[in-house]
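Inspection log for the structure reproduced underneath, given as structure tokens.
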Amino acid sequence: MSKISYYTEEGLKKLKDELDNLERVERPRVSNDIAEARDKGDLSENAEYHAAKEEQSLLELKIAKLKEVVANARVIDESLLDTSKILIHSKVKLKNTANNMEFSYTLVADSETNIKEGKLSVNSPIGKGLLGKKVGEVAEIQVPSGIMSFEILEISR
């Protein structure tokens with residue numbers, strides 16, 4: 001069963017660029033590595049050949065998965081999103097109720113996640129726990145280390 005994911009135009013372009021690189025650059029390189037290793041003689045004892053074949057197998061698997069993600073990707077029009085509650089692509093400002101530290105995150109699809117840039121996966125425990133919450137509400141979220149509570153301070157796009 002295919003899983004539809006929502007992306008910004010920029011996020012979908014990155015996925016397509018990565019797929020293009022894998023198909024146009026990496027696939028020919030790996031094929032060339034296999035051909036070079038094959039030319040070195042007995043394949044049954046040729047470690048370079050077996051390593052290149054393994055790399056090819058992993059690369060083809062990655063390409064297939066990425067093609068599926070791109071095929072099921074949808075670009076979301078952020079201007080049509082409800083800003084009264086937290087949804088994918090919401091920018092949220094939170095306060096940890098335990099230590100009063102404030103954080104800002106943008107909820108994004110899994111492949112766009114980048115904590116250094118403040119992009120949090122909508123499928124992470126915190127992302128899932130924030131969905132549907134409104135400003136002023138407190139989200140109590142089960143994380144591996146226990147339960148965390150966050151007050152929702154702001155929601156924007």
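Please note that chains go A, B, ... in the order of the structure tokens, that every chain numbers its residues from 1, and that ligands are numbered from 1 in the order shown.
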Pull the closest atom pair for each residue of range 21-126 of chain A that gets at most 8 Å from range 132-147 of chain A, along with the distance in Å to one decimal, counting only C-alpha atoms, ordering rows by chain and then ascending residue number, as a tab-separated table.
residue	atom	partner	partner_atom	distance
A:Ser84	CA	A:Lys134	CA	6.1
A:Lys85	CA	A:Lys134	CA	4.5
A:Ile86	CA	A:Gly132	CA	5.0
A:Leu87	CA	A:Gly132	CA	6.4
A:Pro125	CA	A:Val143	CA	6.2
A:Ile126	CA	A:Ile141	CA	6.3
Would you list, as a ChimeraX atom specification, the residues of chain A that end up in strand (DSSP E) under DSSP run on this structure's backbone? /A:5-7,73-75,91-96,102-108,119-121,138-143,146-156
Hey, what does DSSP flag as helix (DSSP H, G or I) within range 1-152 of chain A? Can you give it to me as a VMD selection string? chain A and resid 9 to 38 43 to 45 47 to 71 78 to 80 110 to 112 115 to 117 125 to 130
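For the choices A:Ser31, A:Ser149, A:Asn100, A:Asn72, the atom-to-atom distance to Leu12 in chain A is smallest for A:Asn72 when using only C-alpha atoms.
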For Glu54 in chain A, please output as number ranges by chain all residues within 12 Å (counting only C-alpha atoms; exclusion window: fewer than 4 positions along the same chain). A: 30-31, 33-34, 47-50, 58-61
Writing out the chosen residues with N, CA and C atoms as a short mmCIF file (atom, residue, chain, number, x, y, z; two decimals), in the first residue's frame:
data_model
loop_
_atom_site.label_atom_id
_atom_site.label_comp_id
_atom_site.auth_asym_id
_atom_site.auth_seq_id
_atom_site.Cartn_x
_atom_site.Cartn_y
_atom_site.Cartn_z
N VAL A 30 28.58 2.65 -10.65
CA VAL A 30 28.57 1.30 -10.08
C VAL A 30 28.70 0.25 -11.20
N SER A 31 28.01 0.47 -12.30
CA SER A 31 28.13 -0.46 -13.44
C SER A 31 29.56 -0.52 -13.94
N ASP A 33 32.23 0.10 -12.10
CA ASP A 33 33.00 -0.62 -11.07
C ASP A 33 32.86 -2.12 -11.25
N ILE A 34 31.66 -2.58 -11.57
CA ILE A 34 31.42 -4.01 -11.79
C ILE A 34 32.22 -4.50 -13.00
N ALA A 47 36.81 -10.16 -4.57
CA ALA A 47 36.11 -9.37 -3.55
C ALA A 47 35.60 -8.05 -4.10
N GLU A 48 36.37 -7.44 -5.01
CA GLU A 48 35.94 -6.17 -5.60
C GLU A 48 34.64 -6.35 -6.39
N TYR A 49 34.55 -7.45 -7.12
CA TYR A 49 33.35 -7.74 -7.91
C TYR A 49 32.14 -7.92 -6.99
N HIS A 50 32.30 -8.72 -5.94
CA HIS A 50 31.19 -8.97 -5.02
C HIS A 50 30.77 -7.70 -4.28
N LEU A 58 22.12 -2.47 -3.40
CA LEU A 58 21.65 -1.46 -2.47
C LEU A 58 21.21 -0.18 -3.19
N LEU A 59 21.95 0.19 -4.21
CA LEU A 59 21.61 1.37 -4.99
C LEU A 59 20.27 1.20 -5.69
N GLU A 60 20.05 0.05 -6.30
CA GLU A 60 18.78 -0.19 -7.00
C GLU A 60 17.60 -0.19 -6.02
N LEU A 61 17.83 -0.72 -4.82
CA LEU A 61 16.79 -0.69 -3.80
C LEU A 61 16.47 0.75 -3.40
#
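Distances from A:Ala52, A:Val69, A:Leu15, A:Leu94 to Phe150 in chain A were compared using only C-alpha atoms, and the smallest one belongs to A:Leu94.
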